[in-house]
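Enquirer: Sharing a structure below in structure tokens format, with a few things to ask.
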Amino acid sequence: MCGIAGIVNLRGNAVEPAEISRLTGLIAHRGPFGEGTWFSADRALAFGHRRLAIIDPGEGGYQPMLSADGRYVIVYNGEIYNFLELRRELEARGTVFRSQSDTEVILAAWEAWREDMLPRFNGMWALAIFDTGTRELFLARDRFGIKPLLYAVSPERFVFASEQRALVRSGLIDPSVDMEVARRLMFDAFGIEGSDRTLFRQVRRLQAGHCMWLRQGKVSVRRWWRTIDHLPAVPATEAERVAGFRELFQDAVALRMRSDVPIGTCLSGGFDSSAVICTMAAHEQAGMGPRDSAAWRHAFVATFPGASNDERPMAEEAAAWAKVEPTFLAIGQGDALTDLDRILDDLDDVYIGLPSAAWLIYRQLRQNNVTVSLDGHGADELMGAYLQEGRAAAFRIRNAAEDMASRSPLARRGVDLLRVLALKRQGVYFLRSGLRDLPSPLPLVGEDDVLPREWSGLNRRLYRMFHSTVLPTILRNFDRLSMAHGVEVRMPFMDWRLVTYTMALPESSKSADGYTKAVARRAMEGLMPESIRTARRKVGFNSPMPEWLNGPLAGWTADLLDRKVPAFAELVDEAALRGAVSRLTASKSWDWEKVGRIWPYLNMKWMLARYA
């Protein structure tokens with residue numbers, strides 16, 4: 001896990017060392033264990049790398065890495081969990097390896113299979129490979145976009161990096177804001193990350209499951225992965241389906257325990273994270289595999305004393321089951337303003353809440369010298385969860401709208417109209433544009449995939465949430481918040497084999513008898529605490545935003561609203577926004593739904609003020 005960057009001067013002039021050093025330095029937090037750069041022979045191309053050493057932490061894993069014959073050069077961010085299996089396959093073809101790293105396995109796979117290597121990988125990645133012979137540059141991103149890859153193209157240069165703020169602050173691109181995207185983000189904070197657009201006009205996102213070539217100054221992008229094309233046949237009986245899920249999940253966890261450094265988990269006490277840590281314990285009992293980390297008994301629990309989303313008792317129960325002594329981090333009213341500007345800067349985007357809890361817990365991992373965390377992300381969008389109280393309120397209008405949406409852009413705008421009317425009734429729609437000028441919906445990856453005709457509304461909604469809207473946004477957040485401290489997050493529920501298998505299951509395997517994630521709950525019977533396995537309550541891993549906005553954030557919010565930010569004033573009816581916020585604060589009536597609808601406006605004003 002690392003930070004990657006690159007510059008290609010399209011007119012052939014040399015990249016200055018200071019340019020690539022600055023770009024790489026802007027992502028230094030992603031790789032605190034070392035820096036590397038590489039220049040092409042004519043110096044018109046430069047790669048930069050910041051290293052977070054996890055697999056082969058010695059010199060053998062340094063990047064940029066050259067192939068044995070020096071023809072290919074790679075910078076890579078991520079983990080290929082099945083690298084040992086691929087290594088054996090390549091060795092059988094005659095490949096001789098010089099290191100124990102998965103990076104060298106990728107280089108050898110490229111030499112053997114070129115683009116066809118991508119479907120063979122089980123992992124998460126963003127990578128760039130330069131061919132010194134043909135002078136072609138290849139870039140690719142993993143199936144579901146777990147690892148980020150941002151780029152910008154101008155007549156002068158092509159630039160890429162792991163974070164958009166690195167590109168914007170590098171001095172190499174036009175940093176102007178895309179006001180259309182800004183409007184869309186405030187209206188729908190989940191409606192951008194699945195597209196190739198970003199808040200900045202020149203910055204583009206290589207979408208999940210896509211790859212790119214830069215040849216003779218021309219960029220071409222294609223989609224190499226569609227989940228719907230890889231759905232397996234599933235067993236006929238529910239008992240067999242449960243057994244299949246259990247086997248895949250256990251193997252997904254086992255693969256992600258491969259590490260040459262200590263690993264741990266962020267434990268909330270909910271079903272997803274508890275299933276992960278209990279399965280880690282079961283894997284050890286069954287016998288660890290090659291390169292598995294024996295130093296895995298590290299559970300970090302964020303607690304919220306007195307808040308509605310505190311799950312400490314459940315986390316304690318899960319940790320006891322797994323025989324792990326947890327590390328607790330109490331997050332209270334006094335933390336509302338702690339490092340607030342840095343947290344927003346590390347998030348570097350607009351969301352429905354302030355992600356202090358995630359930022360603080362990953363900092364705690366780092367302070368305890370744990371640089372890998374196996375977490376439960378992806379399970380909610382894979383099997384359903386946003387039907388209950390708490391954070392789920394922020395998703396209700398979106399879910400209802402997505403049930404009604406079709407593939408037609410006109411229909412999507414009709415859904416947007418219904419959403420605006422609902423928001424206006426709630427008094428939480430503040431864009432200056434009226435009903436005749438709605439923020440335009442952007443094309444999102446996966447939204448036009450042709451789904452099986454027999455699929456239910458739930459399966460269709462989950463497919464869109466997983467690929468197009470909710471999950472891409474959450475993955476972005478957790479990548480930035482964890483890598484702000486140099487911590488890698490691994491996600492067993494997002495193993496591609498488990499994803500395709502679960503997507504293929506009928507709705508009855510996901511929602512049954514009043515439970516979401518039915519197949520996973522059945523698969524974990526006897527393997528985790530029963531009280532957690534059968535719990536119906538869903539609590540998101542969020543800061544206690546209603547309590548904070550009703551209390552310690554009130555002054556900060558008022559000061560922010562009083563700031564003069566011309567770009568924000570062009571977009572928002574500030575008087576109406578200020579009035580709504582003032583009323584909610586004075587009456588202490590902030591709730592999760594109001595937070596989810598109003599916080600994006602406050603978040604956006606902070607962002608525009610920073611980049612003004």
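By order of appearance in the structure tokens: chains A, B, ..., then residues from 1 within every chain, and ligands from 1 in the order shown.
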Write out as a tab-separated table the residues of segment 39-59 of chain A that have any atom within 10 Å of an atom of segment 69-93 of chain A, one row each with the nearest atom pair and its distance in Å to one decimal, counting only C-alpha atoms, sorted by chain and then rising number.
Expert:
```
residue	atom	partner	partner_atom	distance
A:Phe39	CA	A:Val73	CA	9.9
A:Ser40	CA	A:Val73	CA	9.4
A:Phe47	CA	A:Val75	CA	7.0
A:Gly48	CA	A:Val75	CA	7.5
A:His49	CA	A:Val75	CA	6.6
A:Arg50	CA	A:Asn77	CA	9.2
A:Arg51	CA	A:Asn77	CA	8.8
A:Leu52	CA	A:Asn77	CA	9.1
A:Ile54	CA	A:Glu79	CA	9.0
A:Ile55	CA	A:Glu79	CA	8.4
```
Enquirer: Extract, using only C-alpha atoms, all DNA, RNA and protein residues at most 10 Å from segment 488-491 of chain A, discarding same-chain residues fewer than 6 positions from it, and format them as an MDAnalysis selection string.
Expert: chainID A and resid 1:2 30 52 54 78:79 81 123:124 146:147 252:253 256:257 263:266 273 276 362 370:379 475 478:479 482
Enquirer: Keeping only N, CA, C and O atoms, write those residues as a short mmCIF file (atom, residue, chain, number, x, y, z; two decimals), in the first residue's frame.
Expert:
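Below you can see again.cif, which holds the result:
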```cif
data_model
loop_
_atom_site.label_atom_id
_atom_site.label_comp_id
_atom_site.auth_asym_id
_atom_site.auth_seq_id
_atom_site.Cartn_x
_atom_site.Cartn_y
_atom_site.Cartn_z
N MET A 1 0.85 -1.18 0.00
CA MET A 1 0.00 0.00 0.00
C MET A 1 0.88 1.23 0.00
O MET A 1 1.83 1.31 0.77
N CYS A 2 0.56 2.16 -0.89
CA CYS A 2 1.49 3.27 -1.08
C CYS A 2 0.75 4.47 -1.67
O CYS A 2 -0.47 4.47 -1.80
N ARG A 30 0.79 8.87 2.69
CA ARG A 30 0.34 7.55 2.24
C ARG A 30 1.46 6.51 2.32
O ARG A 30 1.18 5.32 2.34
N LEU A 52 4.50 2.40 1.77
CA LEU A 52 4.00 1.83 3.02
C LEU A 52 4.35 0.34 2.94
O LEU A 52 3.71 -0.42 2.23
N ILE A 54 4.55 -3.39 3.52
CA ILE A 54 3.71 -4.44 4.13
C ILE A 54 4.13 -5.83 3.66
O ILE A 54 4.34 -6.72 4.46
N GLY A 78 -1.51 -0.80 -3.56
CA GLY A 78 -2.51 -1.82 -3.27
C GLY A 78 -1.90 -3.12 -2.80
O GLY A 78 -0.75 -3.16 -2.36
N GLU A 79 -2.68 -4.18 -2.89
CA GLU A 79 -2.23 -5.52 -2.53
C GLU A 79 -2.88 -6.52 -3.48
O GLU A 79 -4.09 -6.44 -3.74
N TYR A 81 -3.67 -10.14 -3.22
CA TYR A 81 -3.68 -11.13 -2.13
C TYR A 81 -3.28 -12.52 -2.61
O TYR A 81 -2.73 -13.30 -1.83
N GLY A 123 -7.53 -8.73 -5.45
CA GLY A 123 -6.95 -7.70 -4.60
C GLY A 123 -7.53 -6.34 -4.88
O GLY A 123 -8.64 -6.18 -5.40
N MET A 124 -6.74 -5.34 -4.52
CA MET A 124 -7.10 -3.94 -4.74
C MET A 124 -5.86 -3.26 -5.29
O MET A 124 -4.75 -3.49 -4.81
N ILE A 146 -11.39 0.20 -5.06
CA ILE A 146 -10.98 0.32 -3.67
C ILE A 146 -9.80 1.28 -3.55
O ILE A 146 -9.73 2.08 -2.62
N LYS A 147 -8.88 1.20 -4.51
CA LYS A 147 -7.73 2.10 -4.51
C LYS A 147 -7.91 3.19 -5.56
O LYS A 147 -8.40 2.91 -6.66
N ALA A 252 -11.70 -15.45 1.91
CA ALA A 252 -11.42 -14.03 1.70
C ALA A 252 -10.69 -13.44 2.90
O ALA A 252 -9.74 -12.65 2.76
N VAL A 253 -11.12 -13.80 4.10
CA VAL A 253 -10.45 -13.32 5.31
C VAL A 253 -9.04 -13.89 5.39
O VAL A 253 -8.07 -13.17 5.67
N ARG A 256 -6.53 -12.19 3.20
CA ARG A 256 -6.21 -10.83 3.64
C ARG A 256 -5.41 -10.79 4.94
O ARG A 256 -5.07 -9.71 5.42
N MET A 257 -5.13 -11.95 5.50
CA MET A 257 -4.24 -12.02 6.65
C MET A 257 -2.78 -12.22 6.24
O MET A 257 -1.89 -12.29 7.08
N ILE A 263 -1.05 -6.93 11.76
CA ILE A 263 -2.36 -6.52 11.24
C ILE A 263 -3.36 -6.46 12.38
O ILE A 263 -3.11 -6.96 13.48
N GLY A 264 -4.50 -5.82 12.14
CA GLY A 264 -5.55 -5.72 13.15
C GLY A 264 -6.88 -5.48 12.49
O GLY A 264 -7.09 -5.80 11.31
N THR A 265 -7.81 -4.92 13.26
CA THR A 265 -9.13 -4.61 12.72
C THR A 265 -9.74 -3.47 13.50
O THR A 265 -9.44 -3.25 14.68
N CYS A 266 -10.59 -2.71 12.82
CA CYS A 266 -11.44 -1.71 13.48
C CYS A 266 -12.76 -2.41 13.82
O CYS A 266 -13.48 -2.84 12.91
N SER A 273 -18.03 -6.05 11.16
CA SER A 273 -16.69 -6.09 11.74
C SER A 273 -16.54 -7.25 12.71
O SER A 273 -15.45 -7.84 12.82
N VAL A 276 -15.75 -10.34 10.77
CA VAL A 276 -14.36 -10.35 10.30
C VAL A 276 -13.43 -10.82 11.40
O VAL A 276 -12.61 -11.74 11.20
N TYR A 362 -8.12 5.40 12.97
CA TYR A 362 -6.96 4.99 12.17
C TYR A 362 -5.68 5.64 12.70
O TYR A 362 -4.60 5.02 12.62
N VAL A 370 0.33 -0.50 14.12
CA VAL A 370 -0.43 -1.43 13.30
C VAL A 370 -0.77 -0.71 11.99
O VAL A 370 -1.43 0.34 12.01
N THR A 371 -0.30 -1.24 10.88
CA THR A 371 -0.46 -0.54 9.60
C THR A 371 -1.42 -1.23 8.64
O THR A 371 -1.58 -0.77 7.51
N VAL A 372 -2.06 -2.32 9.07
CA VAL A 372 -3.04 -3.02 8.24
C VAL A 372 -4.28 -3.29 9.08
O VAL A 372 -4.17 -3.80 10.20
N SER A 373 -5.46 -2.99 8.53
CA SER A 373 -6.71 -3.25 9.24
C SER A 373 -7.68 -3.98 8.32
O SER A 373 -7.94 -3.53 7.20
N LEU A 374 -8.19 -5.13 8.78
CA LEU A 374 -9.23 -5.85 8.06
C LEU A 374 -10.58 -5.34 8.57
O LEU A 374 -10.93 -5.55 9.73
N ASP A 375 -11.33 -4.68 7.70
CA ASP A 375 -12.57 -4.03 8.10
C ASP A 375 -13.76 -4.57 7.30
O ASP A 375 -13.59 -5.27 6.30
N GLY A 376 -14.96 -4.20 7.72
CA GLY A 376 -16.17 -4.80 7.17
C GLY A 376 -16.85 -4.03 6.06
O GLY A 376 -18.03 -4.28 5.77
N HIS A 377 -16.14 -3.11 5.40
CA HIS A 377 -16.76 -2.29 4.36
C HIS A 377 -17.27 -3.14 3.20
O HIS A 377 -16.67 -4.15 2.82
N GLY A 378 -18.38 -2.71 2.62
CA GLY A 378 -18.95 -3.37 1.46
C GLY A 378 -20.11 -4.28 1.76
O GLY A 378 -20.94 -4.54 0.89
N ALA A 379 -20.21 -4.78 2.99
CA ALA A 379 -21.28 -5.73 3.31
C ALA A 379 -22.66 -5.07 3.23
O ALA A 379 -23.63 -5.70 2.78
N LEU A 475 -15.83 4.09 -0.04
CA LEU A 475 -14.47 3.62 -0.30
C LEU A 475 -13.51 4.78 -0.41
O LEU A 475 -12.38 4.74 0.11
N PHE A 478 -12.83 6.13 3.21
CA PHE A 478 -11.98 5.33 4.08
C PHE A 478 -10.56 5.20 3.53
O PHE A 478 -9.61 5.06 4.31
N ASP A 479 -10.40 5.27 2.23
CA ASP A 479 -9.04 5.30 1.69
C ASP A 479 -8.32 6.57 2.17
O ASP A 479 -7.19 6.51 2.67
N SER A 482 -7.84 6.63 6.21
CA SER A 482 -6.84 5.68 6.72
C SER A 482 -5.45 6.02 6.22
O SER A 482 -4.48 6.03 6.99
#
```
Enquirer: Using only C-alpha atoms, which protein or nucleic acid residues come within 10 Å of Ser268 of chain A? Drop anything in the same chain fewer than 6 positions from it, and give the result as a PyMOL selection string.
Expert: chain A and resi 274+299-303+309-316+318+375-376+539-541
Enquirer: Go ahead and save the residues from that selection, with C-alpha atoms, as a tab-separated table (two decimals), in the first residue's frame.
Expert:
```
chain	number	residue	atom	x	y	z
A	274	SER	CA	-17.54	-8.77	14.31
A	299	ALA	CA	-8.77	-4.71	17.71
A	300	PHE	CA	-9.43	-0.98	17.87
A	301	VAL	CA	-12.82	0.22	19.07
A	302	ALA	CA	-14.16	3.75	18.78
A	303	THR	CA	-16.66	4.40	21.58
A	309	ASN	CA	-24.32	5.29	18.16
A	310	ASP	CA	-22.18	3.80	20.93
A	311	GLU	CA	-21.73	0.03	20.53
A	312	ARG	CA	-19.00	-0.65	23.09
A	313	PRO	CA	-20.79	-3.56	24.84
A	314	MET	CA	-21.16	-5.44	21.55
A	315	ALA	CA	-17.56	-4.74	20.58
A	316	GLU	CA	-16.39	-6.11	23.93
A	318	ALA	CA	-17.00	-9.81	19.87
A	375	ASP	CA	-12.57	-4.03	8.10
A	376	GLY	CA	-16.17	-4.80	7.17
A	539	VAL	CA	-25.39	1.78	13.46
A	540	GLY	CA	-22.99	3.42	11.02
A	541	PHE	CA	-19.33	4.05	11.83
```
Enquirer: Near Asp380 of chain A, counting only C-alpha atoms, which residues have an atom at most 12 Å away, once you skip same-chain residues fewer than 2 positions from it, shown as a VMD selection string?
Expert: chain A and resid 270 to 273 376 to 378 382 to 388 392 461 to 463 465 to 466 470 to 471 474 493 to 494 499 510 to 511 516 to 518 520 538 to 541
Enquirer: Can you pull out every residue within 9 Å of Pro566 of chain A, counting only C-alpha atoms, but drop anything in the same chain fewer than 3 positions away, and send it as an mmCIF file with all heavy atoms, in the first residue's frame?
Expert:
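Saved to selection.cif:
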```cif
data_model
loop_
_atom_site.group_PDB
_atom_site.id
_atom_site.type_symbol
_atom_site.label_atom_id
_atom_site.label_comp_id
_atom_site.auth_asym_id
_atom_site.auth_seq_id
_atom_site.Cartn_x
_atom_site.Cartn_y
_atom_site.Cartn_z
ATOM 1 N N ALA A 569 -21.474 31.600 -2.695
ATOM 2 C CA ALA A 569 -22.641 32.474 -2.819
ATOM 3 C C ALA A 569 -23.306 32.351 -4.187
ATOM 4 O O ALA A 569 -24.507 32.587 -4.320
ATOM 5 C CB ALA A 569 -22.229 33.926 -2.558
ATOM 6 N N GLU A 570 -22.518 31.976 -5.207
ATOM 7 C CA GLU A 570 -23.091 31.769 -6.534
ATOM 8 C C GLU A 570 -23.991 30.538 -6.575
ATOM 9 O O GLU A 570 -24.879 30.439 -7.416
ATOM 10 C CB GLU A 570 -21.970 31.590 -7.567
ATOM 11 C CG GLU A 570 -21.138 32.825 -7.825
ATOM 12 C CD GLU A 570 -20.032 32.535 -8.829
ATOM 13 O OE1 GLU A 570 -20.192 31.560 -9.614
ATOM 14 O OE2 GLU A 570 -19.027 33.248 -8.827
ATOM 15 N N LEU A 608 -14.659 25.214 -0.667
ATOM 16 C CA LEU A 608 -14.478 26.346 -1.577
ATOM 17 C C LEU A 608 -13.681 27.465 -0.923
ATOM 18 O O LEU A 608 -12.907 28.163 -1.596
ATOM 19 C CB LEU A 608 -15.836 26.856 -2.047
ATOM 20 C CG LEU A 608 -16.643 25.882 -2.925
ATOM 21 C CD1 LEU A 608 -17.980 26.495 -3.305
ATOM 22 C CD2 LEU A 608 -15.854 25.490 -4.171
ATOM 23 N N ALA A 609 -13.844 27.630 0.376
ATOM 24 C CA ALA A 609 -13.047 28.638 1.086
ATOM 25 C C ALA A 609 -11.567 28.251 1.069
ATOM 26 O O ALA A 609 -10.685 29.109 0.916
ATOM 27 C CB ALA A 609 -13.541 28.774 2.524
ATOM 28 N N ALA A 612 -10.181 28.869 -2.461
ATOM 29 C CA ALA A 612 -10.426 30.200 -3.034
ATOM 30 C C ALA A 612 -9.107 30.907 -3.336
ATOM 31 O O ALA A 612 -8.132 30.782 -2.600
ATOM 32 C CB ALA A 612 -11.258 31.030 -2.069
#
```
Enquirer: My list of candidates is A:Arg521, A:Arg215, A:His298, A:Arg141. Which is closest to Pro326 of chain A when distances are computed with only C-alpha atoms?
Expert: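 Result for the nearest residue to Pro326 of chain A: A:His298.
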Enquirer: Please provide the set of residues having any atom within 12 Å of Leu26 of chain A, restricted to only C-alpha atoms, with same-chain residues fewer than 5 positions apart removed, written as a list in words.
Expert: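 The residues that qualify are Gly3, Ile4, Ala5, Glu19, Ile20, Ser21, Gly31, Pro32, Glu35, Gly48, His49, Arg50, Ala161, Ser162, Glu163, Gln164, Arg165, Ala166, Leu167, Val168, Arg169, Ser170, Gly171, Asp346 and Ala484 of chain A.
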Enquirer: Could you tell me how far atom CA of Met117 of chain A sits from atom CA of Asp102 of chain A, in Å to one decimal place?
Expert: 13.3 Å
Enquirer: Using DSSP on the backbone coordinates, identify all residues within segment 112-337 of chain A classified as alpha helix (DSSP H); present the result as an MDAnalysis selection string.
Expert: chainID A and resid 112:113 164:169 179:187 238:255 271:286 312:321
Enquirer: What is the atom CA of Trp592 of chain A to atom CA of Arg563 of chain A distance in Å?
Expert: 25.3 Å
Enquirer: When DSSP is applied to the backbone of this structure, which of segment 299-528 of chain A are assigned strand (DSSP E or B)? Write them out as a list of chain:residue names.
Expert: A:Ala299, A:Phe300, A:Val301, A:Ala302, A:Thr303, A:Thr327, A:Phe328, A:Leu329, A:Ala330, A:Val372, A:Ser373, A:Leu374, A:Leu431, A:Glu488, A:Val489, A:Arg490, A:Ser511, A:Ala512, A:Tyr515, A:Thr516
Enquirer: For the selection you just gave me, I'd like the residues written to a file as a short mmCIF file (atom, residue, chain, number, x, y, z; two decimals), in the first residue's frame, keeping all heavy atoms.
Expert:
```cif
data_model
loop_
_atom_site.label_atom_id
_atom_site.label_comp_id
_atom_site.auth_asym_id
_atom_site.auth_seq_id
_atom_site.Cartn_x
_atom_site.Cartn_y
_atom_site.Cartn_z
N ALA A 299 -7.44 -5.24 18.01
CA ALA A 299 -8.77 -4.71 17.71
C ALA A 299 -8.89 -3.31 18.28
O ALA A 299 -8.59 -3.08 19.46
CB ALA A 299 -9.85 -5.61 18.29
N PHE A 300 -9.32 -2.37 17.46
CA PHE A 300 -9.43 -0.98 17.87
C PHE A 300 -10.90 -0.56 17.80
O PHE A 300 -11.55 -0.71 16.77
CB PHE A 300 -8.56 -0.10 16.98
CG PHE A 300 -7.09 -0.42 17.10
CD1 PHE A 300 -6.53 -1.44 16.35
CD2 PHE A 300 -6.30 0.28 17.99
CE1 PHE A 300 -5.18 -1.76 16.47
CE2 PHE A 300 -4.95 -0.03 18.13
CZ PHE A 300 -4.39 -1.05 17.37
N VAL A 301 -11.39 -0.06 18.92
CA VAL A 301 -12.82 0.22 19.07
C VAL A 301 -13.02 1.69 19.37
O VAL A 301 -12.50 2.21 20.38
CB VAL A 301 -13.43 -0.63 20.20
CG1 VAL A 301 -14.92 -0.35 20.32
CG2 VAL A 301 -13.16 -2.11 19.97
N ALA A 302 -13.76 2.37 18.51
CA ALA A 302 -14.16 3.75 18.78
C ALA A 302 -15.45 3.72 19.58
O ALA A 302 -16.44 3.09 19.16
CB ALA A 302 -14.36 4.52 17.48
N THR A 303 -15.45 4.35 20.75
CA THR A 303 -16.66 4.40 21.58
C THR A 303 -17.15 5.84 21.67
O THR A 303 -16.36 6.78 21.56
CB THR A 303 -16.40 3.84 22.98
OG1 THR A 303 -15.53 4.72 23.69
CG2 THR A 303 -15.75 2.47 22.90
N THR A 327 -8.34 -2.33 22.13
CA THR A 327 -7.90 -0.99 22.49
C THR A 327 -9.07 -0.05 22.25
O THR A 327 -9.59 0.03 21.13
CB THR A 327 -6.70 -0.56 21.63
OG1 THR A 327 -5.61 -1.45 21.86
CG2 THR A 327 -6.28 0.87 21.96
N PHE A 328 -9.50 0.66 23.29
CA PHE A 328 -10.66 1.54 23.18
C PHE A 328 -10.21 2.99 22.99
O PHE A 328 -9.24 3.45 23.60
CB PHE A 328 -11.54 1.44 24.42
CG PHE A 328 -12.20 0.10 24.57
CD1 PHE A 328 -11.71 -0.85 25.46
CD2 PHE A 328 -13.31 -0.23 23.82
CE1 PHE A 328 -12.29 -2.08 25.61
CE2 PHE A 328 -13.92 -1.47 23.95
CZ PHE A 328 -13.41 -2.40 24.84
N LEU A 329 -10.94 3.69 22.14
CA LEU A 329 -10.74 5.12 21.93
C LEU A 329 -12.06 5.82 22.16
O LEU A 329 -12.98 5.69 21.35
CB LEU A 329 -10.23 5.40 20.52
CG LEU A 329 -10.07 6.87 20.13
CD1 LEU A 329 -8.98 7.53 20.99
CD2 LEU A 329 -9.76 7.03 18.65
N ALA A 330 -12.18 6.50 23.28
CA ALA A 330 -13.41 7.21 23.59
C ALA A 330 -13.45 8.53 22.83
O ALA A 330 -12.51 9.33 22.90
CB ALA A 330 -13.51 7.46 25.09
N VAL A 372 -2.06 -2.32 9.07
CA VAL A 372 -3.04 -3.02 8.24
C VAL A 372 -4.28 -3.29 9.08
O VAL A 372 -4.17 -3.80 10.20
CB VAL A 372 -2.49 -4.35 7.69
CG1 VAL A 372 -3.56 -5.07 6.88
CG2 VAL A 372 -1.25 -4.11 6.84
N SER A 373 -5.46 -2.99 8.53
CA SER A 373 -6.71 -3.25 9.24
C SER A 373 -7.68 -3.98 8.32
O SER A 373 -7.94 -3.53 7.20
CB SER A 373 -7.34 -1.92 9.70
OG SER A 373 -8.53 -2.16 10.45
N LEU A 374 -8.19 -5.13 8.78
CA LEU A 374 -9.23 -5.85 8.06
C LEU A 374 -10.58 -5.34 8.57
O LEU A 374 -10.93 -5.55 9.73
CB LEU A 374 -9.13 -7.37 8.30
CG LEU A 374 -8.20 -8.15 7.36
CD1 LEU A 374 -6.75 -7.75 7.56
CD2 LEU A 374 -8.40 -9.64 7.54
N LEU A 431 -29.99 25.12 -2.88
CA LEU A 431 -29.32 25.55 -4.10
C LEU A 431 -30.08 26.70 -4.73
O LEU A 431 -31.32 26.74 -4.71
CB LEU A 431 -29.23 24.38 -5.09
CG LEU A 431 -28.30 23.23 -4.69
CD1 LEU A 431 -28.30 22.17 -5.78
CD2 LEU A 431 -26.90 23.71 -4.43
N GLU A 488 -3.27 0.78 5.90
CA GLU A 488 -3.94 0.07 4.80
C GLU A 488 -5.20 -0.62 5.30
O GLU A 488 -5.17 -1.29 6.33
CB GLU A 488 -2.99 -0.97 4.22
CG GLU A 488 -3.65 -1.92 3.23
CD GLU A 488 -2.67 -2.91 2.64
OE1 GLU A 488 -1.73 -2.45 1.97
OE2 GLU A 488 -2.83 -4.13 2.86
N VAL A 489 -6.30 -0.47 4.57
CA VAL A 489 -7.56 -1.13 4.91
C VAL A 489 -7.84 -2.24 3.90
O VAL A 489 -7.87 -2.00 2.70
CB VAL A 489 -8.72 -0.12 4.94
CG1 VAL A 489 -10.03 -0.84 5.24
CG2 VAL A 489 -8.46 0.97 5.98
N ARG A 490 -8.06 -3.43 4.41
CA ARG A 490 -8.42 -4.59 3.59
C ARG A 490 -9.86 -4.97 3.87
O ARG A 490 -10.30 -4.90 5.01
CB ARG A 490 -7.48 -5.76 3.88
CG ARG A 490 -6.02 -5.46 3.59
CD ARG A 490 -5.11 -6.63 3.93
NE ARG A 490 -3.73 -6.38 3.53
CZ ARG A 490 -2.74 -7.27 3.66
NH1 ARG A 490 -2.99 -8.47 4.19
NH2 ARG A 490 -1.51 -6.97 3.28
N SER A 511 -32.54 -10.61 2.29
CA SER A 511 -33.53 -10.03 3.20
C SER A 511 -34.58 -11.09 3.49
O SER A 511 -35.30 -11.53 2.59
CB SER A 511 -34.19 -8.80 2.56
OG SER A 511 -35.17 -8.26 3.40
N ALA A 512 -34.64 -11.51 4.77
CA ALA A 512 -35.58 -12.58 5.13
C ALA A 512 -35.90 -12.50 6.62
O ALA A 512 -35.02 -12.21 7.44
CB ALA A 512 -34.98 -13.94 4.80
N TYR A 515 -34.65 -9.63 8.67
CA TYR A 515 -33.21 -9.44 8.76
C TYR A 515 -32.63 -9.06 7.40
O TYR A 515 -33.03 -9.60 6.37
CB TYR A 515 -32.51 -10.72 9.23
CG TYR A 515 -32.71 -11.03 10.68
CD1 TYR A 515 -33.67 -11.96 11.08
CD2 TYR A 515 -31.93 -10.42 11.67
CE1 TYR A 515 -33.86 -12.27 12.42
CE2 TYR A 515 -32.11 -10.71 13.01
CZ TYR A 515 -33.07 -11.64 13.38
OH TYR A 515 -33.25 -11.93 14.71
N THR A 516 -31.65 -8.16 7.41
CA THR A 516 -30.82 -7.94 6.25
C THR A 516 -29.62 -8.88 6.34
O THR A 516 -29.38 -9.51 7.37
CB THR A 516 -30.33 -6.49 6.19
OG1 THR A 516 -29.57 -6.21 7.38
CG2 THR A 516 -31.50 -5.52 6.08
#
```
Enquirer: For a test of reading the model, state the distance in Å between atom CA of Phe190 of chain A and atom CA of Asp416 of chain A, rounded to one decimal.
Expert: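 Computed distance, atom CA of Phe190 of chain A to atom CA of Asp416 of chain A, equals 13.0 Å.
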Enquirer: Skip Phe187 of chain A itself and residues of its chain fewer than 6 positions away, then list as a PyMOL selection string all residues within 12 Å of it, counting only C-alpha atoms.
Expert: chain A and resi 180-181+350-352+397-398+416-417+419-420+423-424+428-434+438-441+571-572+596-601+604
Enquirer: Which is closer to Cys211 of chain A than all the others in A:Cys278, A:Met545, A:Ala140, A:Met607, using only C-alpha atoms?
Expert: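 So, comparing all the options, the nearest one is A:Ala140.
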Enquirer: Between A:Asn603, A:Ser456, A:Ser587, A:Thr95, which residue has the minimum interatomic distance to Leu505 of chain A, considering only C-alpha atoms?
Expert: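 Among A:Asn603, A:Ser456, A:Ser587, A:Thr95, it is A:Ser456 that comes nearest to Leu505 of chain A.
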Enquirer: Return as JSON lines the residues of segment 177-209 of chain A lying at most 9 Å from segment 220-238 of chain A, together with the closest atom-to-atom pair for each and the distance in Å to one decimal, counting only C-alpha atoms, with rows in chain order and ascending residue number.
Expert:
```
{"residue": "A:Leu206", "atom": "CA", "partner": "A:Val221", "partner_atom": "CA", "distance": 8.2}
{"residue": "A:Gln207", "atom": "CA", "partner": "A:Arg223", "partner_atom": "CA", "distance": 8.3}
{"residue": "A:Ala208", "atom": "CA", "partner": "A:Arg223", "partner_atom": "CA", "distance": 8.2}
{"residue": "A:Gly209", "atom": "CA", "partner": "A:Trp225", "partner_atom": "CA", "distance": 4.8}
```
Enquirer: Given only C-alpha atoms as the basis, pick out the residue of A:Leu421, A:Val595, A:Ala126, A:Leu444 nearest to His467 of chain A.
Expert: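 Going through A:Leu421, A:Val595, A:Ala126, A:Leu444 one by one, the smallest distance to His467 of chain A is for A:Leu444.
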Enquirer: Taking into account only C-alpha atoms, which residue in the set A:Asp178, A:Glu547, A:Asp562, A:Glu525 is nearest to Val203 of chain A?
Expert: A:Asp178
